[in-house]
>>> print(open('model.tsv').read())   # TSV, C-alpha atoms
chain	number	residue	atom	x	y	z
M	138	MET	CA	130.06	133.57	40.42
M	139	ASN	CA	130.20	129.78	40.27
M	140	LEU	CA	128.66	127.44	42.84
M	141	ARG	CA	131.94	126.90	44.69
M	142	THR	CA	132.42	130.63	45.15
M	143	ALA	CA	128.78	131.09	46.17
M	144	MET	CA	129.03	128.29	48.73
M	145	SER	CA	132.17	129.75	50.24
M	146	THR	CA	130.67	133.15	50.92
M	147	LYS	CA	130.36	133.95	54.60
M	148	SER	CA	126.60	134.46	54.65
M	149	VAL	CA	125.84	131.13	52.96
M	150	LYS	CA	128.16	129.29	55.33
M	151	PHE	CA	126.54	130.99	58.29
M	152	ILE	CA	123.01	130.19	57.06
M	153	ILE	CA	123.95	126.54	56.58
M	154	LEU	CA	125.52	126.44	60.05
M	155	VAL	CA	122.43	128.00	61.69
M	156	ALA	CA	120.05	125.80	59.71
M	157	MET	CA	121.96	122.68	60.77
M	158	ALA	CA	121.98	123.87	64.40
M	159	VAL	CA	118.21	124.47	64.35
M	160	LEU	CA	117.63	121.08	62.74
M	161	ILE	CA	119.78	119.18	65.25
M	162	ALA	CA	118.32	121.08	68.23
M	163	THR	CA	114.72	120.50	67.12
M	164	ALA	CA	115.29	116.82	66.40
M	165	SER	CA	117.06	116.30	69.74
M	166	ALA	CA	114.31	118.07	71.69
M	167	ALA	CA	111.64	116.03	69.86
M	168	VAL	CA	113.42	112.75	70.62
M	169	TYR	CA	113.87	113.70	74.30
M	170	TYR	CA	110.20	114.69	74.49
M	171	SER	CA	109.21	111.29	73.10
M	172	ILE	CA	111.44	109.62	75.74
M	173	ILE	CA	109.87	111.41	78.71
M	174	MET	CA	106.35	110.97	77.34
M	175	GLN	CA	106.60	107.18	77.19
M	176	PRO	CA	103.88	105.69	79.41
M	177	SER	CA	105.09	103.72	82.39
M	178	VAL	CA	103.14	101.02	84.17
M	179	THR	CA	103.90	100.07	87.76
M	180	VAL	CA	102.47	96.93	89.32
M	181	THR	CA	100.78	97.67	92.65
M	182	SER	CA	98.25	95.82	94.77
M	183	ALA	CA	94.60	96.58	94.08
M	184	THR	CA	93.25	99.28	96.37
M	185	ILE	CA	89.74	97.80	96.26
M	186	SER	CA	89.68	94.08	96.84
M	187	PHE	CA	87.44	91.28	98.08
M	188	ALA	CA	87.67	89.62	101.48
M	189	GLN	CA	85.99	86.61	103.01
M	190	GLY	CA	83.00	87.43	105.21
M	191	ASN	CA	81.81	85.71	108.40
M	192	ASP	CA	79.22	83.84	106.33
M	193	TRP	CA	81.65	82.68	103.63
M	194	PRO	CA	79.86	79.94	101.59
M	195	THR	CA	81.55	76.53	101.54
M	196	GLY	CA	83.19	75.76	98.21
M	197	SER	CA	83.72	79.40	97.32
M	198	VAL	CA	87.08	80.56	96.00
M	199	LEU	CA	88.81	83.84	96.73
M	200	GLY	CA	91.16	84.48	93.80
M	201	SER	CA	94.82	85.36	94.13
M	202	ASN	CA	95.43	88.99	95.10
M	203	SER	CA	91.74	89.07	96.14
M	204	THR	CA	90.82	90.67	92.83
M	205	TRP	CA	88.20	88.08	91.94
M	206	VAL	CA	85.88	85.76	93.80
M	207	SER	CA	83.78	82.77	92.87
M	208	LEU	CA	80.88	82.25	95.29
M	209	ALA	CA	79.14	78.89	95.56
M	210	LEU	CA	75.60	79.89	96.57
M	211	LYS	CA	72.50	77.81	97.14
M	212	ALA	CA	68.83	78.60	96.47
M	213	TYR	CA	66.00	76.76	98.20
M	214	PRO	CA	62.69	76.12	96.40
M	215	ASN	CA	59.94	78.36	97.69
M	216	ALA	CA	62.12	79.72	100.52
M	217	THR	CA	64.43	82.70	100.74
M	218	LEU	CA	67.99	81.90	101.75
M	219	PHE	CA	69.94	84.77	103.34
M	220	TYR	CA	73.72	85.07	103.34
M	221	ASP	CA	74.26	87.80	105.93
M	222	GLN	CA	77.95	88.42	105.28
M	223	PRO	CA	79.26	86.08	102.60
M	224	LEU	CA	81.65	88.58	101.08
M	225	ASN	CA	83.30	91.86	102.01
M	226	ILE	CA	84.56	94.57	99.71
M	227	SER	CA	87.55	96.36	101.12
M	228	ASN	CA	89.25	99.69	100.41
M	229	THR	CA	92.84	99.53	101.68
M	230	ASP	CA	93.78	102.92	100.25
M	231	THR	CA	94.13	106.12	102.26
M	232	SER	CA	91.61	107.85	99.99
M	233	SER	CA	88.06	106.91	99.08
M	234	HIS	CA	87.20	105.17	95.81
M	235	THR	CA	83.96	104.71	93.94
M	236	PHE	CA	82.76	101.44	92.50
M	237	ARG	CA	79.67	100.06	90.82
M	238	LEU	CA	78.21	96.62	90.12
M	239	ARG	CA	77.72	95.70	86.48
M	240	HIS	CA	76.07	92.63	84.98
M	241	VAL	CA	78.28	90.69	82.56
M	242	THR	CA	76.77	87.25	81.80
M	243	ILE	CA	74.25	84.76	83.15
M	244	THR	CA	73.53	81.14	82.21
M	245	PRO	CA	71.20	79.45	81.45
M	246	ILE	CA	70.50	82.15	78.93
M	247	THR	CA	67.21	83.98	78.90
M	248	GLY	CA	64.52	81.99	77.14
M	249	ASP	CA	65.90	78.68	78.39
M	250	SER	CA	63.28	76.59	80.21
M	251	ALA	CA	65.73	76.16	83.15
M	252	VAL	CA	65.47	79.87	83.96
M	253	GLY	CA	61.96	79.37	85.35
M	254	ASN	CA	63.45	77.34	88.24
M	255	PHE	CA	64.73	80.52	89.87
M	256	THR	CA	62.89	83.42	91.50
M	257	PHE	CA	65.62	85.93	92.36
M	258	PHE	CA	69.25	86.47	93.40
M	259	ASN	CA	69.70	89.76	95.18
M	260	PHE	CA	73.10	91.28	95.94
M	261	VAL	CA	72.98	94.19	98.39
M	262	VAL	CA	75.96	96.40	99.25
M	263	GLU	CA	75.79	97.41	102.91
M	264	ASN	CA	78.00	99.80	104.81
M	265	THR	CA	79.56	98.94	108.19
M	266	ALA	CA	76.35	100.03	109.97
M	267	GLY	CA	74.31	97.60	107.83
M	268	VAL	CA	72.61	100.30	105.78
M	269	ALA	CA	71.98	99.29	102.16
M	270	GLN	CA	73.98	101.39	99.68
M	271	ALA	CA	72.94	99.62	96.47
M	272	SER	CA	70.87	96.65	95.39
M	273	PHE	CA	71.62	94.42	92.40
M	274	ASN	CA	68.67	92.12	91.92
M	275	TYR	CA	68.25	89.35	89.30
M	276	THR	CA	64.61	88.27	88.93
M	277	THR	CA	62.75	86.03	86.51
M	278	THR	CA	59.55	86.36	84.51
M	279	GLY	CA	58.68	82.95	83.17
M	280	ASN	CA	61.77	81.69	81.37
M	281	ASN	CA	63.34	85.12	81.06
M	282	TRP	CA	65.88	86.86	83.28
M	283	ASN	CA	65.35	90.44	84.37
M	284	THR	CA	68.99	91.47	84.67
M	285	PRO	CA	69.65	94.50	86.86
M	286	ALA	CA	70.92	97.77	85.49
M	287	THR	CA	74.43	98.87	86.44
M	288	THR	CA	74.32	100.52	89.84
M	289	SER	CA	75.21	104.15	90.31
M	290	SER	CA	78.69	104.85	91.66
M	291	ILE	CA	79.06	103.96	95.32
M	292	THR	CA	81.75	105.71	97.37
M	293	LEU	CA	83.73	103.40	99.60
M	294	PRO	CA	85.61	105.49	102.22
M	295	ALA	CA	89.33	105.06	102.89
M	296	ASN	CA	90.43	102.04	104.94
M	297	THR	CA	86.89	100.69	105.13
M	298	GLN	CA	85.34	97.29	104.57
M	299	TRP	CA	81.74	96.95	103.47
M	300	ILE	CA	79.50	93.89	103.21
M	301	ILE	CA	77.88	92.29	100.20
M	302	TYR	CA	74.70	90.71	101.52
M	303	ILE	CA	73.01	88.09	99.30
M	304	GLU	CA	69.54	86.52	99.25
M	305	THR	CA	68.45	83.78	96.87
M	306	LYS	CA	65.19	82.01	96.13
M	307	ALA	CA	64.18	79.25	93.72
M	308	ALA	CA	60.65	78.64	92.39
M	309	ALA	CA	58.35	76.18	94.13
M	310	GLY	CA	59.00	72.68	92.79
M	311	ALA	CA	62.25	73.81	91.13
M	312	ASN	CA	64.55	71.21	89.60
M	313	ALA	CA	68.20	70.90	90.65
M	314	VAL	CA	69.75	73.22	88.05
M	315	THR	CA	72.69	75.60	88.35
M	316	ALA	CA	72.84	79.22	87.32
M	317	ASN	CA	76.17	80.93	86.70
M	318	LEU	CA	76.37	84.67	87.12
M	319	GLN	CA	79.26	86.93	86.30
M	320	ILE	CA	79.20	90.36	87.90
M	321	SER	CA	81.85	92.99	87.45
M	322	VAL	CA	82.88	95.44	90.17
M	323	ASP	CA	84.10	98.54	88.34
M	324	VAL	CA	86.40	100.63	90.50
M	325	THR	CA	87.37	104.22	89.77
M	326	GLN	CA	90.98	104.86	90.73
B	107	MET	CA	96.56	111.34	83.00
B	108	THR	CA	99.81	111.52	84.93
B	109	TYR	CA	103.15	112.33	83.39
B	110	PRO	CA	106.49	110.97	84.53
B	111	THR	CA	108.26	113.63	86.60
B	112	GLN	CA	111.59	111.89	87.03
B	113	ILE	CA	114.45	113.34	85.00
B	114	GLN	CA	115.72	110.96	82.37
B	115	PRO	CA	119.50	110.54	81.85
B	116	GLU	CA	118.99	111.67	78.23
B	117	LEU	CA	118.54	115.20	79.57
B	118	PHE	CA	122.35	115.31	79.89
B	119	ALA	CA	122.71	114.39	76.23
B	120	LEU	CA	120.15	117.03	75.25
B	121	ALA	CA	121.97	119.68	77.29
B	122	GLY	CA	125.20	118.53	75.64
B	123	VAL	CA	123.70	118.92	72.17
B	124	PHE	CA	122.56	122.47	72.90
B	125	LEU	CA	125.94	123.38	74.39
B	126	PHE	CA	127.81	121.96	71.39
B	127	LEU	CA	125.55	123.92	69.03
B	128	ALA	CA	126.08	127.09	71.04
B	129	LEU	CA	129.84	126.48	70.95
B	130	SER	CA	129.63	125.93	67.20
B	131	LEU	CA	127.96	129.29	66.58
B	132	LEU	CA	130.17	131.14	69.07
B	133	THR	CA	133.38	129.77	67.60
B	134	TYR	CA	132.08	130.68	64.13
B	135	PHE	CA	131.74	134.31	65.23
B	136	GLY	CA	135.22	134.26	66.74
B	137	LYS	CA	136.72	132.81	63.58
B	138	ASP	CA	140.04	134.64	63.74
B	139	ARG	CA	140.61	133.32	67.26
B	140	PHE	CA	139.67	129.67	66.67
B	141	PRO	CA	140.61	127.09	64.04
B	142	LYS	CA	138.39	127.48	60.96
B	143	LYS	CA	137.00	123.96	61.08
B	144	LEU	CA	136.07	124.08	64.78
B	145	PRO	CA	132.40	125.21	64.30
B	146	TYR	CA	131.79	122.30	61.94
B	147	ILE	CA	133.51	119.84	64.28
B	148	TYR	CA	131.15	120.99	67.05
B	149	GLN	CA	128.17	120.52	64.73
B	150	VAL	CA	129.28	116.94	64.12
B	151	ALA	CA	129.71	116.48	67.90
B	152	ALA	CA	126.14	117.78	68.41
B	153	SER	CA	124.95	115.26	65.80
B	154	PHE	CA	126.54	112.51	67.92
B	155	GLY	CA	124.40	113.69	70.83
B	156	LEU	CA	121.32	113.40	68.65
B	157	LEU	CA	122.52	109.92	67.74
B	158	PHE	CA	122.74	108.98	71.45
B	159	LEU	CA	119.16	110.18	71.95
B	160	VAL	CA	117.94	108.20	68.94
B	161	VAL	CA	119.74	105.08	70.20
B	162	SER	CA	118.12	105.49	73.66
B	163	ARG	CA	114.66	105.98	72.23
B	164	PHE	CA	114.44	103.74	69.18
B	165	VAL	CA	117.40	101.34	68.84
B	166	LEU	CA	118.03	100.10	72.40
B	167	PRO	CA	115.04	101.23	74.50
B	168	GLU	CA	115.49	98.23	76.81
B	169	LEU	CA	118.88	99.50	78.09
B	170	GLU	CA	119.24	99.87	81.85
B	171	GLU	CA	119.03	103.42	83.18
B	172	SER	CA	122.55	103.15	84.61
B	173	THR	CA	123.97	102.35	81.13
B	174	ARG	CA	122.08	105.26	79.56
B	175	LEU	CA	123.34	107.47	82.36
B	176	TRP	CA	126.95	106.52	81.64
B	177	TYR	CA	127.02	107.53	78.00
B	178	CYS	CA	124.76	110.59	78.38
B	179	TYR	CA	126.76	111.83	81.32
B	180	GLY	CA	130.02	111.13	79.49
B	181	TYR	CA	128.73	113.20	76.60
B	182	LEU	CA	127.92	116.12	78.93
B	183	ILE	CA	131.40	115.89	80.47
B	184	ALA	CA	132.88	115.94	76.94
B	185	VAL	CA	131.03	119.14	76.04
B	186	LEU	CA	132.05	120.78	79.32
B	187	ALA	CA	135.65	119.74	78.70
B	188	ASN	CA	135.41	121.39	75.27
B	189	THR	CA	133.98	124.56	76.79
B	190	ILE	CA	136.82	124.74	79.30
B	191	GLY	CA	139.24	123.74	76.50
B	192	THR	CA	138.23	126.70	74.33
B	193	ASN	CA	138.66	128.92	77.39
B	194	ILE	CA	142.18	127.59	77.95
B	195	TYR	CA	142.91	127.85	74.20
B	196	LEU	CA	142.05	131.53	74.29
B	197	ALA	CA	144.06	132.14	77.45
B	198	MET	CA	147.22	130.09	76.83
B	199	PRO	CA	148.27	129.74	73.16
B	200	LYS	CA	146.42	132.83	71.96
B	201	ARG	CA	147.21	134.92	75.07
B	202	GLN	CA	143.90	136.72	74.79
B	203	TYR	CA	143.23	137.02	78.49
B	204	LYS	CA	140.51	139.63	78.21
B	205	ILE	CA	138.44	137.55	75.81
B	206	SER	CA	139.26	134.44	77.83
B	207	ARG	CA	137.81	136.06	80.96
B	208	LYS	CA	134.71	137.19	79.08
B	209	TRP	CA	134.34	133.71	77.59
B	210	SER	CA	134.70	132.28	81.07
B	211	ALA	CA	131.94	134.51	82.43
B	212	ALA	CA	129.58	134.30	79.47
B	213	VAL	CA	130.03	130.70	78.29
B	214	THR	CA	132.07	128.41	80.56
B	215	PHE	CA	130.63	129.36	83.93
B	216	PRO	CA	126.92	129.35	82.85
B	217	SER	CA	127.46	126.01	81.07
B	218	ILE	CA	128.96	124.46	84.18
B	219	LEU	CA	126.29	126.00	86.39
B	220	ILE	CA	123.42	124.68	84.26
B	221	SER	CA	125.04	121.24	84.02
B	222	THR	CA	125.58	121.16	87.79
B	223	TYR	CA	121.92	122.03	88.30
B	224	PHE	CA	120.77	119.20	86.03
B	225	VAL	CA	123.12	116.70	87.66
B	226	ALA	CA	122.01	117.79	91.15
B	227	GLN	CA	118.34	117.47	90.18
B	228	TYR	CA	118.96	114.03	88.74
B	229	GLY	CA	120.81	113.03	91.93
B	230	LEU	CA	117.85	114.20	94.03
B	231	THR	CA	115.35	112.08	92.09
B	232	GLN	CA	117.50	109.02	92.68
B	233	THR	CA	117.61	109.29	96.49
B	234	SER	CA	114.93	106.63	96.95
B	235	LEU	CA	117.12	104.04	95.21
B	236	VAL	CA	119.78	101.96	96.90
B	237	PRO	CA	123.13	103.75	96.42
B	238	SER	CA	124.89	102.32	93.40
B	239	ILE	CA	128.30	102.93	91.83
B	240	ALA	CA	126.58	105.05	89.17
B	241	GLN	CA	124.86	107.15	91.82
B	242	ILE	CA	128.05	107.67	93.81
B	243	THR	CA	129.82	108.66	90.58
B	244	VAL	CA	127.07	111.16	89.79
B	245	ILE	CA	127.43	112.77	93.22
B	246	ALA	CA	131.24	112.78	92.94
B	247	SER	CA	131.08	114.30	89.46
B	248	CYS	CA	128.62	116.88	90.68
B	249	ALA	CA	131.08	117.85	93.40
B	250	ALA	CA	133.90	117.97	90.83
B	251	ILE	CA	131.91	120.27	88.54
B	252	ALA	CA	131.04	122.52	91.46
B	253	THR	CA	134.70	122.65	92.45
B	254	CYS	CA	135.62	123.49	88.85
B	255	ALA	CA	133.07	126.30	88.85
B	256	GLY	CA	134.50	127.56	92.13
B	257	ILE	CA	138.01	127.57	90.68
B	258	LEU	CA	136.83	129.59	87.68
B	259	VAL	CA	135.12	132.12	89.91
B	260	PHE	CA	138.22	132.30	92.12
B	261	GLN	CA	140.40	132.76	89.01
B	262	ARG	CA	138.21	135.62	87.87
B	263	ILE	CA	138.24	137.35	91.26
B	264	SER	CA	141.99	136.89	91.71
B	265	HIS	CA	142.63	138.31	88.21
B	266	ALA	CA	140.56	141.34	89.06
B	267	LEU	CA	142.39	141.79	92.38
B	268	LEU	CA	145.82	141.39	90.77
B	269	HIS	CA	144.85	143.91	88.10
B	270	ARG	CA	143.89	146.40	90.82
B	271	VAL	CA	147.16	145.78	92.69
B	272	HIS	CA	149.21	146.29	89.50
B	273	THR	CA	147.39	149.42	88.45
B	274	GLY	CA	147.21	150.73	92.02
B	275	ARG	CA	143.44	151.39	91.80
>>> encode(input="model.tsv", output="structure tokens")
Amino acid sequence: MNLRTAMSTKSVKFIILVAMAVLIATASAAVYYSIIMQPSVTVTSATISFAQGNDWPTGSVLGSNSTWVSLALKAYPNATLFYDQPLNISNTDTSSHTFRLRHVTITPITGDSAVGNFTFFNFVVENTAGVAQASFNYTTTGNNWNTPATTSSITLPANTQWIIYIETKAAAGANAVTANLQISVDVTQ
Amino acid sequence: MTYPTQIQPELFALAGVFLFLALSLLTYFGKDRFPKKLPYIYQVAASFGLLFLVVSRFVLPELEESTRLWYCYGYLIAVLANTIGTNIYLAMPKRQYKISRKWSAAVTFPSILISTYFVAQYGLTQTSLVPSIAQITVIASCAAIATCAGILVFQRISHALLHRVHTGR
């Protein structure tokens, strides 16, 4: 039996036909699976956002889409300055979300002689009743910063706005220097 | 992690591929009733379906959904036309009415039913969109397929009734 005869036998033809069918079906299913498993990203407004408070500091900037904020705060030498309601954090979603405060950067860097001009910057998250939910306090020891640890997760209920209360203090006889802090608000969706 | 739940138009192409492959194997078994090369032609047709899927996924992934819908849906219509065509081929030139009826019940009607289901599901997922020409066409085609299925069922019932009248049973 030569190859031509062998190839023309019914069983070989059938096996080839079935093998081709299985191959095409498997490949098609795999390609379709890869199509439906492509990730899709939809742009939506942030469910947790910032809002200006009643005590909004002059010169502060609320970023577009309220997803970032730059506060211009003051610190008086040897006196504590309170900002009762400089900034609000708002949950516009119909379900609650958790968030936490996390330190990112601070300048002047620790060890710099300018650090000794400050005493503390304390950020306190308060609920609508004014009860503190978390405290995020930057203090100094000599020319070193004591940066706060990341707060535990705080649950912000649905359609609720909470307050970020701030108090600052500079050292007695402090020079006119500026500190820049970057704090991240990590939200769990 | 969330997964997309919306049916993609490529589902029609995938259904078409499976139907063409099923037709290929079925026509191979009924060799004496169909042209010898028909199973291989259907295999090639199924390969075209795979090609459509590959084009959608890898070559032109930026294509609009309406465009993808057109060619995938066209492919599904082609396979359904072939299914009905084989049915007619058995009934008319070959005059094998018994086999034609069985083919209608076992192959043509389920194929149309499954395709109608997919098209209806796809139509349902598109209700939130503004009605477009593509959407209207999908609904119209869905109605056409359902009508076709109805005709086939009617044909089958009427054949059975006529047979009873002729035989007096």
>>> residues_around(input="model.tsv", residues="Ala158 of chain M", least_positions_apart="5", cutoff="12 Å", atoms="only C-alpha atoms", output="PyMOL selection string")
(chain M and resi 151-153+163-165) or (chain B and resi 123-132+145-146+148-153+156)
>>> interface_residues(input="model.tsv", of="chain M", to="chain B", cutoff="7 Å", atoms="all atoms listed in the file", output="list in words")
Ala158, Ile161, Ala162, Ser165, Ala166, Val168, Tyr169, Ile172, Ile173 and Met174 of chain M
>>> atom_distance(input="model.tsv", atom1="atom CA of Pro216 of chain B", atom2="atom CA of Gln202 of chain B")
20.2 Å
>>> atom_distance(input="model.tsv", atom1="atom CA of Ala286 of chain M", atom2="atom CA of Ile185 of chain M")
21.7 Å
>>> atom_distance(input="model.tsv", atom1="atom CA of Ser171 of chain M", atom2="atom CA of Ser172 of chain B")
19.4 Å
>>> axis_aligned_box(input="model.tsv", around="segment 199-213 of chain B", padding_each_side="4 Å", output="lines of an AutoDock Vina configuration file")
center_x = 138.9
center_y = 134.7
center_z = 77.2
size_x = 26.7
size_y = 17.9
size_z = 18.5
>>> residues_around(input="model.tsv", residues="Arg237 of chain M", least_positions_apart="2", cutoff="7 Å", atoms="all atoms listed in the file", output="PyMOL selection string")
chain M and resi 239+287-291+322-324
>>> residues_around(input="model.tsv", residues="Ala295 of chain M", least_positions_apart="4", cutoff="12 Å", atoms="only C-alpha atoms", output="VMD selection string")
chain M and resid 184 to 185 226 to 235 299
>>> write_last_selection(input="model.tsv", atoms="C-alpha atoms", output="mmCIF file, keeping the file's coordinate frame")
data_model
loop_
_atom_site.group_PDB
_atom_site.id
_atom_site.type_symbol
_atom_site.label_atom_id
_atom_site.label_comp_id
_atom_site.auth_asym_id
_atom_site.auth_seq_id
_atom_site.Cartn_x
_atom_site.Cartn_y
_atom_site.Cartn_z
ATOM 1 C CA THR M 184 93.250 99.280 96.370
ATOM 2 C CA ILE M 185 89.740 97.800 96.260
ATOM 3 C CA ILE M 226 84.560 94.570 99.710
ATOM 4 C CA SER M 227 87.550 96.360 101.120
ATOM 5 C CA ASN M 228 89.250 99.690 100.410
ATOM 6 C CA THR M 229 92.840 99.530 101.680
ATOM 7 C CA ASP M 230 93.780 102.920 100.250
ATOM 8 C CA THR M 231 94.130 106.120 102.260
ATOM 9 C CA SER M 232 91.610 107.850 99.990
ATOM 10 C CA SER M 233 88.060 106.910 99.080
ATOM 11 C CA HIS M 234 87.200 105.170 95.810
ATOM 12 C CA THR M 235 83.960 104.710 93.940
ATOM 13 C CA TRP M 299 81.740 96.950 103.470
#
>>> closest_residue(input="model.tsv", among="M:Leu199, M:Ile300, M:Ala251, M:Ala183", to="Val314 of chain M", atoms="all atoms listed in the file")
M:Ala251
>>> closest_residue(input="model.tsv", among="M:Gly310, M:Gly190, M:Pro245, M:Gly200", to="Pro223 of chain M", atoms="only C-alpha atoms")
M:Gly190
>>> residues_near_point(input="model.tsv", point="(67.3, 92.8, 98.3)", cutoff="10 Å", atoms="all atoms listed in the file", output="list in words")
Phe219, Phe257, Phe258, Asn259, Phe260, Val261, Val262, Ala269, Ala271, Ser272, Phe273, Asn274, Tyr275, Tyr302, Ile303, Glu304 and Thr305 of chain M
>>> residues_around(input="model.tsv", residues="Ala309 of chain M", least_positions_apart="3", cutoff="12 Å", atoms="all atoms listed in the file", output="NGL selection string")
:M and (212-217 or 253-256 or 306 or 312-313)
>>> residues_around(input="model.tsv", residues="segment 206-210 of chain B", least_positions_apart="3", cutoff="8 Å", atoms="only C-alpha atoms", output="ChimeraX atom specification")
/B:193-194,196-197,202-203,213-215,258,262
